[in-house]
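Undergrad: Can you read through this structure? Questions will come right after.
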Number of protein chains: 2
Amino acid sequence: MPNFTDITGSFAAILTTLSFLPQVFKTWRSGSAGDFSWIWIAGFGAGLALWLVYGLALGSLPLVAANGVTLSLVLAIALVKWREGGPA
Amino acid sequence: MPNFTDITGSFAAILTTLSFLPQVFKTWRSGSAGDFSWIWIAGFGAGLALWLVYGLALGSLPLVAANGVTLSLVLAIALVKWREGGPA
């Protein structure tokens with residue numbers, strides 16, 4: 001049976017990953033991503049990619065899955081911002 | 001000497017944490033946070049708080065520090081959005 005610590009970590013991973021789903025729905029529907037910083041998108045995206053590599057190196061499916069999903073959702077935000085153009 | 005995997009994980013943590021600094025600068029300066037979803041702020045913030053609790057339970061200073069910093073920065077974005085008011 002998983003202990004309190006494992007359950008806390010699992011909920012943490014689920015929340016920080018799946019919270020990006022409603023964000024992407026909002027961004028996609030509004031077509032507006034001007035409030036996001038390109039530096040955040042680039043830095044956060046690169047960090048998620050490294051977490052994914054770290055997960056692969058450890059053979060950790062939860063790390064790979066969580067960071068793969070989050071990275072995809074951040075790239076979706078980046079795509080909207082890219083299409084929108086204009087000032088960063 | 002740290003190995004490749006540890007270095008990858010460390011850079012991942014640094015990037016996903018510190019990428020929020022330029023985001024907060026941009027948000028604070030522009031006073032504009034309308035593109036952020038309240039559901040993302042609430043879910044991501046709650047997830048970061050749970051990662052922090054997980055780090056405390058494990059006695060992991062890197063987890064506590066990284067998630068404490070990121071949570072503070074997300075709360076700064078939330079404050080700008082709160083002040084801004086208007087539609088979510």
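Following the order of the structure tokens, first chain is A, next is B, and so on, with residues numbered from 1 inside each chain and ligands from 1 in the order they appear.
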Could you pull out the helix (DSSP H, G or I) residues of chain B from DSSP and send them as a CSV table (one decimal) with C-alpha atoms, in the first residue's frame?
TA:
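Saved file part-v6.csv follows:
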chain,number,residue,atom,x,y,z
B,4,PHE,CA,25.5,12.9,-16.3
B,5,THR,CA,22.1,11.9,-14.9
B,6,ASP,CA,22.4,14.1,-11.8
B,7,ILE,CA,23.6,17.0,-13.9
B,8,THR,CA,20.7,16.7,-16.3
B,9,GLY,CA,18.2,16.6,-13.4
B,10,SER,CA,19.9,19.6,-11.7
B,11,PHE,CA,19.7,21.7,-14.9
B,12,ALA,CA,16.1,20.6,-15.4
B,13,ALA,CA,15.2,21.8,-11.9
B,14,ILE,CA,17.0,25.1,-12.4
B,15,LEU,CA,15.4,25.8,-15.8
B,16,THR,CA,11.8,24.9,-14.8
B,17,THR,CA,12.2,27.1,-11.6
B,18,LEU,CA,14.1,30.1,-12.9
B,20,PHE,CA,9.4,31.9,-14.0
B,21,LEU,CA,11.6,34.9,-13.1
B,22,PRO,CA,11.4,36.6,-16.5
B,23,GLN,CA,7.7,35.7,-16.7
B,24,VAL,CA,7.0,37.5,-13.5
B,25,PHE,CA,9.1,40.5,-14.6
B,26,LYS,CA,7.0,40.7,-17.8
B,27,THR,CA,3.7,40.2,-16.0
B,28,TRP,CA,4.5,42.7,-13.2
B,29,ARG,CA,5.7,45.3,-15.7
B,30,SER,CA,2.8,44.9,-18.1
B,38,TRP,CA,-7.3,30.8,-13.0
B,39,ILE,CA,-7.7,27.0,-13.1
B,40,TRP,CA,-4.0,26.7,-14.2
B,41,ILE,CA,-2.9,29.1,-11.4
B,42,ALA,CA,-4.9,27.2,-8.8
B,43,GLY,CA,-4.0,23.7,-10.0
B,44,PHE,CA,-0.4,24.4,-10.7
B,45,GLY,CA,0.0,26.3,-7.4
B,46,ALA,CA,-1.6,23.5,-5.4
B,47,GLY,CA,0.6,21.0,-7.2
B,48,LEU,CA,3.7,23.0,-6.4
B,49,ALA,CA,2.6,23.2,-2.7
B,50,LEU,CA,2.2,19.4,-2.7
B,51,TRP,CA,5.7,19.0,-4.3
B,52,LEU,CA,7.0,21.2,-1.4
B,53,VAL,CA,5.3,18.9,1.2
B,54,TYR,CA,6.7,15.9,-0.6
B,55,GLY,CA,10.2,17.5,-0.5
B,56,LEU,CA,9.8,18.2,3.3
B,57,ALA,CA,8.7,14.6,3.9
B,58,LEU,CA,11.7,13.3,2.0
B,61,LEU,CA,16.4,20.6,0.1
B,62,PRO,CA,16.4,20.8,-3.7
B,63,LEU,CA,12.7,19.9,-3.9
B,64,VAL,CA,11.7,22.3,-1.2
B,65,ALA,CA,13.8,25.1,-2.6
B,66,ALA,CA,12.8,24.7,-6.2
B,67,ASN,CA,9.1,24.4,-5.5
B,68,GLY,CA,9.1,27.1,-2.9
B,69,VAL,CA,10.6,29.6,-5.3
B,70,THR,CA,8.3,28.5,-8.2
B,71,LEU,CA,5.2,28.7,-6.0
B,72,SER,CA,6.2,32.3,-4.9
B,73,LEU,CA,6.6,33.3,-8.5
B,74,VAL,CA,3.2,31.8,-9.6
B,75,LEU,CA,1.6,33.6,-6.6
B,76,ALA,CA,3.1,36.9,-7.9
B,77,ILE,CA,1.4,36.2,-11.3
B,78,ALA,CA,-1.8,35.4,-9.5
B,79,LEU,CA,-1.6,38.8,-7.6
B,80,VAL,CA,-1.3,40.7,-10.9
B,81,LYS,CA,-4.3,38.8,-12.3
B,82,TRP,CA,-6.3,39.4,-9.2
B,83,ARG,CA,-5.6,43.2,-9.3
B,84,GLU,CA,-6.4,43.3,-13.0
Undergrad: Over every C-alpha pair, in sequence order, do a least-squares fit of chain A onto chain B and save the fitted chain as a tab-separated table (two decimals) with N, CA, C and O atoms, in the first residue's frame.
TA:
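Writing done, so here's out14.tsv:
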chain	number	residue	atom	x	y	z
A	1	MET	N	32.15	12.95	-7.86
A	1	MET	CA	31.80	13.79	-9.01
A	1	MET	C	30.39	13.40	-9.50
A	1	MET	O	30.10	12.21	-9.63
A	2	PRO	N	29.54	14.41	-9.74
A	2	PRO	CA	28.17	14.08	-10.16
A	2	PRO	C	28.18	13.47	-11.56
A	2	PRO	O	28.99	13.85	-12.40
A	3	ASN	N	27.30	12.54	-11.77
A	3	ASN	CA	27.24	11.90	-13.09
A	3	ASN	C	26.30	12.67	-14.03
A	3	ASN	O	25.66	13.64	-13.65
A	4	PHE	N	26.26	12.21	-15.26
A	4	PHE	CA	25.47	12.87	-16.30
A	4	PHE	C	24.00	13.00	-15.90
A	4	PHE	O	23.36	14.04	-16.10
A	5	THR	N	23.47	11.93	-15.30
A	5	THR	CA	22.06	11.94	-14.93
A	5	THR	C	21.77	13.01	-13.88
A	5	THR	O	20.80	13.78	-14.02
A	6	ASP	N	22.60	13.09	-12.85
A	6	ASP	CA	22.40	14.09	-11.81
A	6	ASP	C	22.49	15.51	-12.37
A	6	ASP	O	21.72	16.40	-11.98
A	7	ILE	N	23.46	15.72	-13.27
A	7	ILE	CA	23.64	17.05	-13.86
A	7	ILE	C	22.40	17.42	-14.68
A	7	ILE	O	21.90	18.55	-14.63
A	8	THR	N	21.88	16.45	-15.45
A	8	THR	CA	20.68	16.68	-16.26
A	8	THR	C	19.51	17.07	-15.36
A	8	THR	O	18.79	18.05	-15.63
A	9	GLY	N	19.32	16.33	-14.28
A	9	GLY	CA	18.22	16.62	-13.36
A	9	GLY	C	18.37	17.99	-12.71
A	9	GLY	O	17.39	18.72	-12.53
A	10	SER	N	19.61	18.35	-12.37
A	10	SER	CA	19.84	19.64	-11.73
A	10	SER	C	19.53	20.79	-12.69
A	10	SER	O	18.87	21.77	-12.32
A	11	PHE	N	20.00	20.67	-13.94
A	11	PHE	CA	19.70	21.71	-14.94
A	11	PHE	C	18.20	21.79	-15.19
A	11	PHE	O	17.63	22.87	-15.37
A	12	ALA	N	17.54	20.64	-15.21
A	12	ALA	CA	16.09	20.61	-15.41
A	12	ALA	C	15.39	21.40	-14.31
A	12	ALA	O	14.54	22.26	-14.58
A	13	ALA	N	15.79	21.15	-13.07
A	13	ALA	CA	15.16	21.82	-11.93
A	13	ALA	C	15.42	23.33	-11.98
A	13	ALA	O	14.52	24.14	-11.73
A	14	ILE	N	16.66	23.70	-12.31
A	14	ILE	CA	17.02	25.12	-12.38
A	14	ILE	C	16.20	25.81	-13.46
A	14	ILE	O	15.66	26.91	-13.26
A	15	LEU	N	16.09	25.17	-14.64
A	15	LEU	CA	15.37	25.81	-15.75
A	15	LEU	C	13.88	25.93	-15.48
A	15	LEU	O	13.28	27.00	-15.71
A	16	THR	N	13.24	24.86	-14.99
A	16	THR	CA	11.79	24.94	-14.78
A	16	THR	C	11.45	25.89	-13.63
A	16	THR	O	10.35	26.42	-13.57
A	17	THR	N	12.42	26.14	-12.74
A	17	THR	CA	12.18	27.08	-11.64
A	17	THR	C	12.47	28.52	-12.08
A	17	THR	O	11.60	29.40	-12.01
A	18	LEU	N	13.70	28.75	-12.58
A	18	LEU	CA	14.12	30.14	-12.85
A	18	LEU	C	13.45	30.74	-14.08
A	18	LEU	O	13.44	31.96	-14.24
A	19	SER	N	12.90	29.88	-14.97
A	19	SER	CA	12.18	30.41	-16.14
A	19	SER	C	11.01	31.29	-15.71
A	19	SER	O	10.55	32.15	-16.47
A	20	PHE	N	10.51	31.09	-14.50
A	20	PHE	CA	9.38	31.90	-14.03
A	20	PHE	C	9.80	33.32	-13.65
A	20	PHE	O	8.95	34.20	-13.53
A	21	LEU	N	11.11	33.55	-13.45
A	21	LEU	CA	11.57	34.90	-13.09
A	21	LEU	C	11.28	35.90	-14.21
A	21	LEU	O	10.62	36.92	-13.96
A	22	PRO	N	11.76	35.66	-15.46
A	22	PRO	CA	11.43	36.62	-16.52
A	22	PRO	C	9.93	36.71	-16.79
A	22	PRO	O	9.43	37.78	-17.17
A	23	GLN	N	9.22	35.60	-16.56
A	23	GLN	CA	7.77	35.64	-16.73
A	23	GLN	C	7.14	36.62	-15.73
A	23	GLN	O	6.27	37.44	-16.08
A	24	VAL	N	7.59	36.56	-14.48
A	24	VAL	CA	7.03	37.45	-13.46
A	24	VAL	C	7.42	38.91	-13.75
A	24	VAL	O	6.60	39.81	-13.60
A	25	PHE	N	8.67	39.14	-14.21
A	25	PHE	CA	9.08	40.50	-14.59
A	25	PHE	C	8.13	41.05	-15.65
A	25	PHE	O	7.65	42.17	-15.56
A	26	LYS	N	7.89	40.24	-16.68
A	26	LYS	CA	7.00	40.66	-17.78
A	26	LYS	C	5.60	40.95	-17.26
A	26	LYS	O	4.98	41.97	-17.58
A	27	THR	N	5.08	40.02	-16.45
A	27	THR	CA	3.71	40.15	-15.96
A	27	THR	C	3.59	41.37	-15.06
A	27	THR	O	2.62	42.14	-15.15
A	28	TRP	N	4.57	41.56	-14.18
A	28	TRP	CA	4.53	42.66	-13.23
A	28	TRP	C	4.61	43.99	-13.96
A	28	TRP	O	3.87	44.93	-13.67
A	29	ARG	N	5.53	44.07	-14.94
A	29	ARG	CA	5.74	45.32	-15.67
A	29	ARG	C	4.52	45.68	-16.51
A	29	ARG	O	4.11	46.85	-16.56
A	30	SER	N	3.94	44.66	-17.18
A	30	SER	CA	2.80	44.93	-18.07
A	30	SER	C	1.50	45.07	-17.28
A	30	SER	O	0.55	45.71	-17.75
A	31	GLY	N	1.45	44.49	-16.08
A	31	GLY	CA	0.21	44.49	-15.32
A	31	GLY	C	-0.88	43.68	-15.98
A	31	GLY	O	-2.06	43.78	-15.63
A	32	SER	N	-0.47	42.85	-16.94
A	32	SER	CA	-1.44	42.09	-17.74
A	32	SER	C	-1.24	40.59	-17.55
A	32	SER	O	-0.18	40.05	-17.85
A	33	ALA	N	-2.28	39.93	-17.03
A	33	ALA	CA	-2.18	38.48	-16.80
A	33	ALA	C	-3.46	37.78	-17.26
A	33	ALA	O	-3.76	36.67	-16.81
A	34	GLY	N	-4.17	38.44	-18.14
A	34	GLY	CA	-5.48	37.90	-18.58
A	34	GLY	C	-5.38	36.59	-19.34
A	34	GLY	O	-6.35	35.83	-19.38
A	35	ASP	N	-4.22	36.32	-19.95
A	35	ASP	CA	-4.08	35.09	-20.72
A	35	ASP	C	-3.85	33.87	-19.84
A	35	ASP	O	-3.94	32.73	-20.32
A	36	PHE	N	-3.55	34.10	-18.55
A	36	PHE	CA	-3.39	32.97	-17.64
A	36	PHE	C	-4.75	32.50	-17.15
A	36	PHE	O	-5.60	33.31	-16.78
A	37	SER	N	-4.93	31.20	-17.13
A	37	SER	CA	-6.17	30.59	-16.64
A	37	SER	C	-6.12	30.49	-15.11
A	37	SER	O	-5.13	30.04	-14.54
A	38	TRP	N	-7.22	30.92	-14.45
A	38	TRP	CA	-7.30	30.75	-13.00
A	38	TRP	C	-7.19	29.28	-12.62
A	38	TRP	O	-6.65	28.93	-11.57
A	39	ILE	N	-7.73	28.41	-13.47
A	39	ILE	CA	-7.67	26.97	-13.15
A	39	ILE	C	-6.22	26.49	-13.18
A	39	ILE	O	-5.79	25.69	-12.36
A	40	TRP	N	-5.45	27.02	-14.16
A	40	TRP	CA	-4.02	26.68	-14.19
A	40	TRP	C	-3.32	27.20	-12.94
A	40	TRP	O	-2.57	26.46	-12.29
A	41	ILE	N	-3.56	28.47	-12.60
A	41	ILE	CA	-2.90	29.05	-11.42
A	41	ILE	C	-3.23	28.23	-10.17
A	41	ILE	O	-2.33	27.89	-9.39
A	42	ALA	N	-4.51	27.90	-9.99
A	42	ALA	CA	-4.93	27.15	-8.80
A	42	ALA	C	-4.36	25.73	-8.81
A	42	ALA	O	-3.81	25.26	-7.79
A	43	GLY	N	-4.48	25.06	-9.94
A	43	GLY	CA	-4.03	23.66	-10.02
A	43	GLY	C	-2.51	23.54	-9.94
A	43	GLY	O	-1.97	22.69	-9.23
A	44	PHE	N	-1.82	24.41	-10.71
A	44	PHE	CA	-0.36	24.37	-10.72
A	44	PHE	C	0.18	24.79	-9.35
A	44	PHE	O	1.10	24.16	-8.82
A	45	GLY	N	-0.43	25.84	-8.76
A	45	GLY	CA	-0.01	26.29	-7.43
A	45	GLY	C	-0.21	25.21	-6.37
A	45	GLY	O	0.67	24.97	-5.54
A	46	ALA	N	-1.37	24.54	-6.41
A	46	ALA	CA	-1.63	23.46	-5.45
A	46	ALA	C	-0.64	22.32	-5.66
A	46	ALA	O	-0.14	21.72	-4.69
A	47	GLY	N	-0.35	22.02	-6.92
A	47	GLY	CA	0.62	20.97	-7.22
A	47	GLY	C	2.01	21.30	-6.69
A	47	GLY	O	2.69	20.46	-6.10
A	48	LEU	N	2.43	22.57	-6.88
A	48	LEU	CA	3.74	23.00	-6.36
A	48	LEU	C	3.78	22.90	-4.84
A	48	LEU	O	4.79	22.49	-4.26
A	49	ALA	N	2.67	23.27	-4.18
A	49	ALA	CA	2.60	23.17	-2.72
A	49	ALA	C	2.75	21.71	-2.28
A	49	ALA	O	3.43	21.40	-1.30
A	50	LEU	N	2.12	20.79	-3.03
A	50	LEU	CA	2.25	19.37	-2.70
A	50	LEU	C	3.67	18.86	-2.95
A	50	LEU	O	4.19	18.04	-2.18
A	51	TRP	N	4.32	19.34	-4.04
A	51	TRP	CA	5.72	18.98	-4.28
A	51	TRP	C	6.59	19.44	-3.11
A	51	TRP	O	7.54	18.77	-2.71
A	52	LEU	N	6.24	20.63	-2.57
A	52	LEU	CA	6.99	21.17	-1.43
A	52	LEU	C	6.81	20.26	-0.21
A	52	LEU	O	7.79	19.92	0.48
A	53	VAL	N	5.56	19.86	0.06
A	53	VAL	CA	5.28	18.95	1.17
A	53	VAL	C	6.03	17.62	0.97
A	53	VAL	O	6.63	17.06	1.90
A	54	TYR	N	6.01	17.14	-0.29
A	54	TYR	CA	6.72	15.91	-0.63
A	54	TYR	C	8.21	16.05	-0.34
A	54	TYR	O	8.84	15.15	0.24
A	55	GLY	N	8.77	17.21	-0.71
A	55	GLY	CA	10.18	17.48	-0.45
A	55	GLY	C	10.48	17.52	1.04
A	55	GLY	O	11.51	17.01	1.50
A	56	LEU	N	9.58	18.14	1.81
A	56	LEU	CA	9.75	18.19	3.26
A	56	LEU	C	9.72	16.78	3.85
A	56	LEU	O	10.53	16.43	4.71
A	57	ALA	N	8.77	15.95	3.36
A	57	ALA	CA	8.64	14.58	3.86
A	57	ALA	C	9.90	13.77	3.57
A	57	ALA	O	10.30	12.92	4.38
A	58	LEU	N	10.52	14.04	2.41
A	58	LEU	CA	11.74	13.31	2.04
A	58	LEU	C	12.99	13.95	2.62
A	58	LEU	O	14.08	13.38	2.52
A	59	GLY	N	12.84	15.17	3.18
A	59	GLY	CA	14.00	15.91	3.64
A	59	GLY	C	14.90	16.33	2.48
A	59	GLY	O	16.11	16.39	2.61
A	60	SER	N	14.25	16.64	1.33
A	60	SER	CA	15.02	17.00	0.13
A	60	SER	C	15.05	18.52	-0.04
A	60	SER	O	14.08	19.13	-0.46
A	61	LEU	N	16.21	19.10	0.27
A	61	LEU	CA	16.35	20.56	0.14
A	61	LEU	C	16.11	21.04	-1.29
A	61	LEU	O	15.42	22.04	-1.50
A	62	PRO	N	16.67	20.35	-2.33
A	62	PRO	CA	16.41	20.82	-3.70
A	62	PRO	C	14.92	20.88	-4.05
A	62	PRO	O	14.46	21.84	-4.65
A	63	LEU	N	14.16	19.86	-3.64
A	63	LEU	CA	12.72	19.86	-3.92
A	63	LEU	C	12.02	21.01	-3.21
A	63	LEU	O	11.17	21.69	-3.78
A	64	VAL	N	12.38	21.21	-1.95
A	64	VAL	CA	11.74	22.28	-1.16
A	64	VAL	C	12.08	23.64	-1.75
A	64	VAL	O	11.20	24.49	-1.96
A	65	ALA	N	13.37	23.85	-2.05
A	65	ALA	CA	13.80	25.15	-2.57
A	65	ALA	C	13.18	25.44	-3.93
A	65	ALA	O	12.59	26.51	-4.14
A	66	ALA	N	13.30	24.49	-4.86
A	66	ALA	CA	12.80	24.71	-6.22
A	66	ALA	C	11.30	24.99	-6.21
A	66	ALA	O	10.82	25.94	-6.85
A	67	ASN	N	10.55	24.20	-5.47
A	67	ASN	CA	9.10	24.36	-5.50
A	67	ASN	C	8.65	25.56	-4.67
A	67	ASN	O	7.64	26.19	-5.00
A	68	GLY	N	9.40	25.89	-3.62
A	68	GLY	CA	9.09	27.10	-2.86
A	68	GLY	C	9.25	28.35	-3.71
A	68	GLY	O	8.39	29.23	-3.72
A	69	VAL	N	10.37	28.41	-4.45
A	69	VAL	CA	10.62	29.57	-5.32
A	69	VAL	C	9.56	29.65	-6.41
A	69	VAL	O	8.96	30.71	-6.66
A	70	THR	N	9.30	28.52	-7.09
A	70	THR	CA	8.33	28.54	-8.19
A	70	THR	C	6.95	28.92	-7.69
A	70	THR	O	6.23	29.71	-8.33
A	71	LEU	N	6.56	28.39	-6.53
A	71	LEU	CA	5.25	28.72	-5.97
A	71	LEU	C	5.14	30.23	-5.70
A	71	LEU	O	4.12	30.85	-6.00
A	72	SER	N	6.19	30.83	-5.14
A	72	SER	CA	6.18	32.27	-4.88
A	72	SER	C	5.98	33.05	-6.17
A	72	SER	O	5.23	34.04	-6.21
A	73	LEU	N	6.65	32.61	-7.25
A	73	LEU	CA	6.57	33.34	-8.52
A	73	LEU	C	5.20	33.18	-9.15
A	73	LEU	O	4.64	34.13	-9.73
A	74	VAL	N	4.59	31.99	-9.02
A	74	VAL	CA	3.24	31.79	-9.55
A	74	VAL	C	2.24	32.63	-8.76
A	74	VAL	O	1.29	33.21	-9.32
A	75	LEU	N	2.47	32.76	-7.45
A	75	LEU	CA	1.59	33.61	-6.63
A	75	LEU	C	1.71	35.08	-7.04
A	75	LEU	O	0.72	35.83	-6.99
A	76	ALA	N	2.92	35.48	-7.47
A	76	ALA	CA	3.09	36.86	-7.95
A	76	ALA	C	2.27	37.09	-9.22
A	76	ALA	O	1.67	38.16	-9.40
A	77	ILE	N	2.23	36.10	-10.11
A	77	ILE	CA	1.40	36.20	-11.32
A	77	ILE	C	-0.07	36.27	-10.92
A	77	ILE	O	-0.84	37.07	-11.46
A	78	ALA	N	-0.45	35.45	-9.94
A	78	ALA	CA	-1.84	35.43	-9.47
A	78	ALA	C	-2.24	36.79	-8.91
A	78	ALA	O	-3.37	37.27	-9.13
A	79	LEU	N	-1.31	37.45	-8.22
A	79	LEU	CA	-1.60	38.75	-7.62
A	79	LEU	C	-1.88	39.79	-8.71
A	79	LEU	O	-2.84	40.59	-8.59
A	80	VAL	N	-1.08	39.76	-9.78
A	80	VAL	CA	-1.31	40.69	-10.88
A	80	VAL	C	-2.67	40.42	-11.52
A	80	VAL	O	-3.44	41.34	-11.81
A	81	LYS	N	-2.98	39.15	-11.71
A	81	LYS	CA	-4.26	38.79	-12.34
A	81	LYS	C	-5.43	39.20	-11.43
A	81	LYS	O	-6.47	39.65	-11.90
A	82	TRP	N	-5.24	39.04	-10.13
A	82	TRP	CA	-6.27	39.40	-9.16
A	82	TRP	C	-6.55	40.91	-9.21
A	82	TRP	O	-7.70	41.36	-9.26
A	83	ARG	N	-5.47	41.70	-9.22
A	83	ARG	CA	-5.61	43.16	-9.27
A	83	ARG	C	-6.27	43.61	-10.55
A	83	ARG	O	-7.02	44.59	-10.58
A	84	GLU	N	-5.91	42.92	-11.64
A	84	GLU	CA	-6.39	43.28	-12.96
A	84	GLU	C	-7.91	43.09	-13.04
A	84	GLU	O	-8.60	43.84	-13.72
A	85	GLY	N	-8.42	42.06	-12.31
A	85	GLY	CA	-9.84	41.78	-12.34
A	85	GLY	C	-10.31	41.39	-13.72
A	85	GLY	O	-9.54	40.92	-14.53
A	86	GLY	N	-11.57	41.59	-14.00
A	86	GLY	CA	-12.11	41.30	-15.32
A	86	GLY	C	-12.35	39.82	-15.54
A	86	GLY	O	-12.23	39.01	-14.62
A	87	PRO	N	-12.64	39.46	-16.79
A	87	PRO	CA	-12.99	38.07	-17.09
A	87	PRO	C	-11.80	37.13	-16.89
A	87	PRO	O	-10.64	37.53	-17.06
A	88	ALA	N	-12.09	35.91	-16.51
A	88	ALA	CA	-11.06	34.91	-16.29
A	88	ALA	C	-10.54	34.42	-17.64
A	88	ALA	O	-9.53	33.76	-17.68
